[in-house]
Each structure stands twice: as structure tokens, then as C-alpha cells.
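Enquirer: Sharing structure.cif, mmCIF, C-alpha atoms:
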data_coords
#
loop_
_atom_site.label_atom_id
_atom_site.label_comp_id
_atom_site.auth_asym_id
_atom_site.auth_seq_id
_atom_site.Cartn_x
_atom_site.Cartn_y
_atom_site.Cartn_z
CA MET A 1 -23.51 66.20 11.20
CA ASN A 2 -21.55 69.33 11.97
CA PRO A 3 -23.84 71.82 13.81
CA ALA A 4 -22.74 74.67 11.53
CA TYR A 5 -23.76 72.63 8.48
CA GLU A 6 -27.13 71.91 10.07
CA ILE A 7 -27.65 75.65 10.63
CA LEU A 8 -27.00 76.19 6.91
CA GLY A 9 -29.43 73.36 6.20
CA PHE A 10 -32.09 75.04 8.34
CA VAL A 11 -31.57 78.36 6.53
CA ALA A 12 -31.83 76.71 3.10
CA GLY A 13 -34.73 74.57 4.28
CA THR A 14 -36.64 77.50 5.73
CA LEU A 15 -36.50 79.23 2.35
CA GLY A 16 -37.53 75.98 0.68
CA LEU A 17 -40.39 75.18 3.01
CA SER A 18 -41.95 78.56 2.33
CA ILE A 19 -42.20 78.15 -1.47
CA ALA A 20 -45.82 77.02 -1.39
CA VAL A 21 -46.98 80.03 0.64
CA PRO A 22 -46.67 82.79 -2.02
CA GLN A 23 -48.31 80.53 -4.60
CA LEU A 24 -51.16 79.67 -2.23
CA LEU A 25 -51.72 83.32 -1.34
CA ARG A 26 -51.74 84.34 -4.99
CA ILE A 27 -54.29 81.65 -5.88
CA LEU A 28 -56.55 82.53 -2.95
CA LYS A 29 -56.39 86.24 -3.82
CA ALA A 30 -57.07 85.67 -7.53
CA LYS A 31 -59.63 82.90 -6.84
CA THR A 32 -58.14 81.01 -9.79
CA HIS A 33 -55.13 78.87 -10.51
CA GLU A 34 -54.82 79.91 -14.16
CA GLY A 35 -51.50 78.72 -15.56
CA VAL A 36 -50.42 77.00 -12.35
CA SER A 37 -49.57 73.37 -13.01
CA ILE A 38 -51.33 71.11 -10.51
CA LEU A 39 -49.03 68.27 -11.56
CA THR A 40 -45.97 70.35 -10.64
CA TRP A 41 -47.30 70.80 -7.11
CA VAL A 42 -48.31 67.14 -6.75
CA ILE A 43 -44.77 66.16 -7.78
CA ALA A 44 -43.39 68.79 -5.37
CA LEU A 45 -45.49 67.18 -2.62
CA SER A 46 -43.94 63.81 -3.49
CA ASN A 47 -40.52 65.46 -3.62
CA PHE A 48 -40.79 66.79 -0.07
CA ALA A 49 -42.00 63.42 1.24
CA ILE A 50 -39.16 61.44 -0.33
CA TRP A 51 -36.54 63.99 0.80
CA ALA A 52 -37.91 63.80 4.34
CA SER A 53 -37.58 60.02 4.36
CA TYR A 54 -34.12 60.24 2.76
CA SER A 55 -33.13 62.70 5.48
CA ALA A 56 -34.33 60.37 8.23
CA LYS A 57 -32.21 57.61 6.72
CA TYR A 58 -29.08 59.81 6.74
CA ASN A 59 -29.72 61.60 10.06
CA SER A 60 -29.98 65.06 8.50
CA ILE A 61 -32.17 66.83 11.04
CA SER A 62 -32.37 70.07 9.05
CA GLN A 63 -33.57 68.26 5.93
CA LEU A 64 -36.03 66.10 7.88
CA VAL A 65 -37.63 69.01 9.72
CA THR A 66 -37.77 71.46 6.81
CA ASN A 67 -38.96 68.91 4.24
CA SER A 68 -41.66 67.69 6.63
CA ILE A 69 -42.93 71.24 7.16
CA ALA A 70 -42.65 71.93 3.41
CA TRP A 71 -44.74 68.81 2.78
CA VAL A 72 -47.51 70.11 5.07
CA LEU A 73 -47.55 73.56 3.44
CA THR A 74 -47.48 72.06 -0.04
CA ALA A 75 -50.26 69.63 0.92
CA ILE A 76 -52.44 72.65 1.75
CA LEU A 77 -51.67 74.18 -1.65
CA VAL A 78 -52.33 70.88 -3.46
CA TYR A 79 -55.60 70.54 -1.59
CA VAL A 80 -56.73 74.01 -2.73
CA LEU A 81 -55.59 73.40 -6.32
CA ILE A 82 -57.25 70.00 -6.69
CA LYS A 83 -60.38 71.11 -4.84
CA GLN A 84 -60.73 74.01 -7.32
CA ALA A 85 -60.17 71.70 -10.29
CA ARG A 86 -62.01 68.57 -9.08
CA ASN A 87 -63.16 68.02 -5.48
CA ALA A 88 -61.98 67.67 -1.89
CA THR A 89 -62.07 63.85 -1.88
CA THR A 90 -59.73 63.63 -4.85
CA ALA A 91 -57.42 66.16 -3.21
CA LEU A 92 -57.21 64.16 0.03
CA PHE A 93 -56.65 60.91 -1.88
CA VAL A 94 -53.73 62.42 -3.83
CA ILE A 95 -52.14 63.90 -0.70
CA ILE A 96 -52.37 60.72 1.39
CA THR A 97 -51.25 58.43 -1.44
CA SER A 98 -48.28 60.66 -2.22
CA ALA A 99 -47.14 60.62 1.39
CA LEU A 100 -47.44 56.87 1.83
CA VAL A 101 -45.76 55.93 -1.44
CA MET A 102 -42.90 58.42 -1.24
CA VAL A 103 -42.06 57.92 2.43
CA GLY A 104 -42.14 54.17 1.90
CA LEU A 105 -40.01 54.43 -1.22
CA GLY A 106 -37.52 56.81 0.35
CA TYR A 107 -37.10 55.01 3.63
CA TYR A 108 -37.45 51.35 2.74
CA SER A 109 -35.93 51.05 -0.74
CA ASN A 110 -32.30 50.35 -1.46
CA GLU A 111 -29.84 53.11 -2.37
CA ILE A 112 -30.11 52.63 -6.14
CA VAL A 113 -33.93 52.72 -6.24
CA MET A 114 -34.05 55.73 -3.92
CA THR A 115 -31.42 57.59 -5.94
CA VAL A 116 -33.27 56.99 -9.22
CA ALA A 117 -36.58 58.05 -7.63
CA LEU A 118 -35.05 61.20 -6.12
CA PHE A 119 -33.59 62.35 -9.41
CA LEU A 120 -36.66 61.51 -11.48
CA ILE A 121 -38.81 63.49 -9.09
CA VAL A 122 -36.41 66.43 -8.82
CA PHE A 123 -35.99 66.59 -12.60
CA SER A 124 -39.69 66.26 -13.33
CA VAL A 125 -41.08 68.56 -10.61
CA ARG A 126 -40.95 71.78 -12.66
CA ILE A 127 -41.34 70.35 -16.17
CA PRO A 128 -45.19 70.54 -16.12
CA GLN A 129 -44.96 74.18 -14.96
CA ILE A 130 -42.43 75.00 -17.65
CA LEU A 131 -44.77 73.54 -20.28
CA SER A 132 -47.80 75.35 -18.83
CA SER A 133 -45.89 78.64 -18.72
CA ILE A 134 -44.74 78.21 -22.33
CA ASN A 135 -48.30 77.42 -23.41
CA HIS A 136 -49.72 80.49 -21.66
CA TYR A 137 -46.92 82.65 -23.02
CA LYS A 138 -47.63 81.55 -26.59
CA LYS A 139 -51.34 82.33 -26.11
CA HIS A 140 -50.47 85.72 -24.54
CA LYS A 141 -52.42 84.71 -21.41
CA GLN A 142 -51.56 85.89 -17.91
CA THR A 143 -50.97 83.30 -15.22
CA THR A 144 -51.25 83.23 -11.45
CA VAL A 145 -47.82 81.61 -11.16
CA SER A 146 -45.96 83.15 -8.23
CA LYS A 147 -42.55 84.44 -9.27
CA THR A 148 -41.69 84.75 -5.57
CA THR A 149 -42.14 81.00 -5.21
CA TYR A 150 -39.54 80.28 -7.87
CA LEU A 151 -37.16 82.94 -6.59
CA LEU A 152 -37.32 81.39 -3.12
CA THR A 153 -36.66 78.00 -4.71
CA VAL A 154 -33.50 79.33 -6.36
CA PHE A 155 -32.16 80.79 -3.09
CA SER A 156 -33.08 77.67 -1.13
CA SER A 157 -31.44 75.44 -3.72
CA VAL A 158 -28.21 77.45 -3.62
CA GLY A 159 -28.17 76.83 0.12
CA TRP A 160 -28.76 73.09 -0.39
CA VAL A 161 -25.96 72.90 -2.98
CA THR A 162 -23.61 74.45 -0.42
CA TYR A 163 -24.90 72.10 2.29
CA GLY A 164 -24.38 69.12 -0.01
CA VAL A 165 -20.81 70.13 -0.81
CA LEU A 166 -19.95 70.66 2.86
CA THR A 167 -21.55 67.41 4.06
CA GLY A 168 -20.55 65.24 1.12
CA LEU A 169 -24.20 64.48 0.31
CA TRP A 170 -23.90 64.55 -3.48
CA HIS A 171 -27.63 63.88 -3.88
CA ASN A 172 -28.22 67.39 -2.55
CA VAL A 173 -25.70 68.98 -4.90
CA ILE A 174 -27.10 67.42 -8.06
CA ALA A 175 -30.78 67.67 -7.12
CA SER A 176 -30.49 71.27 -5.98
CA SER A 177 -28.55 72.24 -9.11
CA ILE A 178 -31.40 70.83 -11.21
CA ALA A 179 -33.88 72.80 -9.09
CA ILE A 180 -31.94 76.02 -9.68
CA ILE A 181 -31.89 75.56 -13.45
CA THR A 182 -35.54 74.58 -13.83
CA SER A 183 -36.74 77.33 -11.47
CA LEU A 184 -34.76 79.92 -13.43
CA ILE A 185 -36.44 78.67 -16.62
CA VAL A 186 -39.90 79.16 -15.06
CA LEU A 187 -38.89 82.63 -13.85
CA TRP A 188 -37.56 83.59 -17.27
CA ILE A 189 -40.77 82.51 -19.03
CA GLU A 190 -43.05 84.11 -16.45
CA THR A 191 -41.23 87.47 -16.50
CA ARG A 192 -41.36 87.87 -20.26
CA LYS A 193 -44.00 90.27 -21.55
CA ARG A 194 -47.08 88.58 -22.85
#
Would you mind writing the file out in C-alpha cells?

Expert:
Amino acid sequence: MNPAYEILGFVAGTLGLSIAVPQLLRILKAKTHEGVSILTWVIALSNFAIWASYSAKYNSISQLVTNSIAWVLTAILVYVLIKQARNATTALFVIITSALVMVGLGYYSNEIVMTVALFLIVFSVRIPQILSSINHYKKHKQTTVSKTTYLLTVFSSVGWVTYGVLTGLWHNVIASSIAIITSLIVLWIETRKR
């Protein structure tokens, strides 16, 4: 890959890898995860694992490094969320299973299976949060959903769209465009007055 493109990938990836941090901090401060979809973050965990394996397959160092770090940070958030809702053992089981299945799927499956899995995961990652946000909005309940998280996702995704166009990796263009749209939907719902 062109070094300049990889620099862009690292910039976009750095924004993307940090998305779990504001959400984690908000949950720890509030001591609740009210309105935060655990399923969204479990799917996000799977998303980072499959993108890391995809990146290894296509020698995209920036995607491999940033998605691997994002997976670790999101694993910490998922652990806290599931531990609050259930217990630590369940949290560890979900994290380990997600990593094994997604890395295996991303690295060892053929192009068609990997492409379908990537797009199903990317499309579905924010749907549970959108539904949770709508539900809380209708009930006039406040949430602990971090708007900063979704704003970072939008900026990161714009960077990945650009990276995808420059490198010819159309998976990035489509997946990141979906991420932009779904993140903007979450932001719109969460910024409306309750």
C-alpha cells in the first residue's frame, strides 16, 4: 500500500479505535448503562475482529493495527456492560467466542462468505442502539449513550471512505458509508429533547 494512504488509514483508525472510550467513561461515571445497547457493542466487538482479520488478508497495516486496538478497547467496554447486566464469566465467554469466530471467519473463509459477513455485521452493528434510543426517546427516558462515541464514528468512517476510494478497497467505502448513516441516526435520536 502507498505510505500516504496508510497514514490516512492510521488517522481514520485512531479515531475509530477510540469510540469505546467515551462510552466506557460515561458508563463508569454514571454507574449505569441505561439505554446503551449491549448487543450493539458485542456486534462492534465482532466487527473489529473481522476487520482485523480482513486487513491481515489484504496487507492493510493501518486497518490491522487500529482494528486490533479497537477490539481490545471494545472488549473492555463489553466486559463492563455484560458484567453489570449478568456476570464476569458470561462477559469473558462472549469476548473470547467473538474473537475466535470472527477472526476465523474473516481470515479463513472465501471472499463471498467474508464479504457477506462484513456487510451483515456493519449493517447490524448500530441497529440495536437505534432501537434502544427510539424506545427511550418514546418513554422520555434519558440514556447514558455517548454522543461523542457516535461523532467519532462518523469522522473515522469518513476517513475510511476516503481510504477505500484511494486504495480501491470497495469494502471500506460501502461499510464506512453505512457506519456514517447509522451513526448519524443514533446522534439525531440522542440529541432530540426528551

Enquirer: Counting only C-alpha atoms, figure out which residue out of A:Lys57, A:Arg126, A:Arg192, A:Lys31 gets nearest to Gln84 of chain A.

Expert: A:Lys31

Enquirer: Considering all atoms listed in the file, return as a PyMOL selection string whatever protein or nucleic-acid residues lie within 12 Å of Val78 of chain A, sequence-local ones (same chain, fewer than 2 positions apart) excluded.

Expert: chain A and resi 20-21+23-24+27+33+36-46+70-76+80-88+90-96+98

Enquirer: Interatomic distance between atom CA of Ser18 of chain A and atom CA of Gln63 of chain A?

Expert: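 Rounded to one decimal, the two atoms are 13.8 Å apart.
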
Enquirer: Excluding Tyr58 of chain A and its own-chain neighbours fewer than 5 positions away, which residues fall within 12 Å of it when counting only C-alpha atoms? Please give them as a list in words.

Expert: Met1, Trp51, Ala52, Ser53, Gln63, Leu64, Gly106, Tyr107, Glu111, Thr167, Gly168, Leu169 and His171 of chain A

Enquirer: Using the chain letters and residue numbers of this document, give as a PyMOL selection string the residues selected by the PyMOL selection byres ((chain A and resi 178) around 12).

Expert: chain A and resi 118-127+153-154+157-158+160-161+171-177+179-185

Enquirer: In Å, with one decimal, what is the gap from atom CA of Thr115 of chain A to atom CA of Val103 of chain A?

Expert: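 These atoms are spaced 13.5 Å apart.
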
Enquirer: Calculate how many Å separate atom CA of Thr149 of chain A from atom CA of Pro22 of chain A, rounding to one decimal.

Expert: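 Straight-line distance from atom CA of Thr149 of chain A to atom CA of Pro22 of chain A works out to 5.8 Å.
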
Enquirer: What's the 8 Å shell around Ile189 of chain A, counting only C-alpha atoms, without same-chain residues fewer than 2 positions away, as an MDAnalysis selection string?

Expert: chainID A and resid 130 133:134 137 185:187 191:192

Enquirer: For C-alpha atoms, I'd like the residues from the last selection saved as an mmCIF file, keeping the file's coordinate frame.

Expert:
data_model
loop_
_atom_site.group_PDB
_atom_site.id
_atom_site.type_symbol
_atom_site.label_atom_id
_atom_site.label_comp_id
_atom_site.auth_asym_id
_atom_site.auth_seq_id
_atom_site.Cartn_x
_atom_site.Cartn_y
_atom_site.Cartn_z
ATOM 1 C CA ILE A 130 -42.430 75.000 -17.650
ATOM 2 C CA SER A 133 -45.890 78.640 -18.720
ATOM 3 C CA ILE A 134 -44.740 78.210 -22.330
ATOM 4 C CA TYR A 137 -46.920 82.650 -23.020
ATOM 5 C CA ILE A 185 -36.440 78.670 -16.620
ATOM 6 C CA VAL A 186 -39.900 79.160 -15.060
ATOM 7 C CA LEU A 187 -38.890 82.630 -13.850
ATOM 8 C CA THR A 191 -41.230 87.470 -16.500
ATOM 9 C CA ARG A 192 -41.360 87.870 -20.260
#

Enquirer: Given the PyMOL selection byres ((chain A and resi 61) around 12) and the file above, list the residues it selects as a VMD selection string.

Expert: chain A and resid 1 to 3 5 to 10 13 51 to 60 62 to 68

Enquirer: Given all atoms listed in the file as the basis, pick out the residue of A:Leu151, A:Val145, A:Ile19, A:Leu166 nearest to Glu34 of chain A.

Expert: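 The answer is A:Val145, which sits nearest to Glu34 of chain A.
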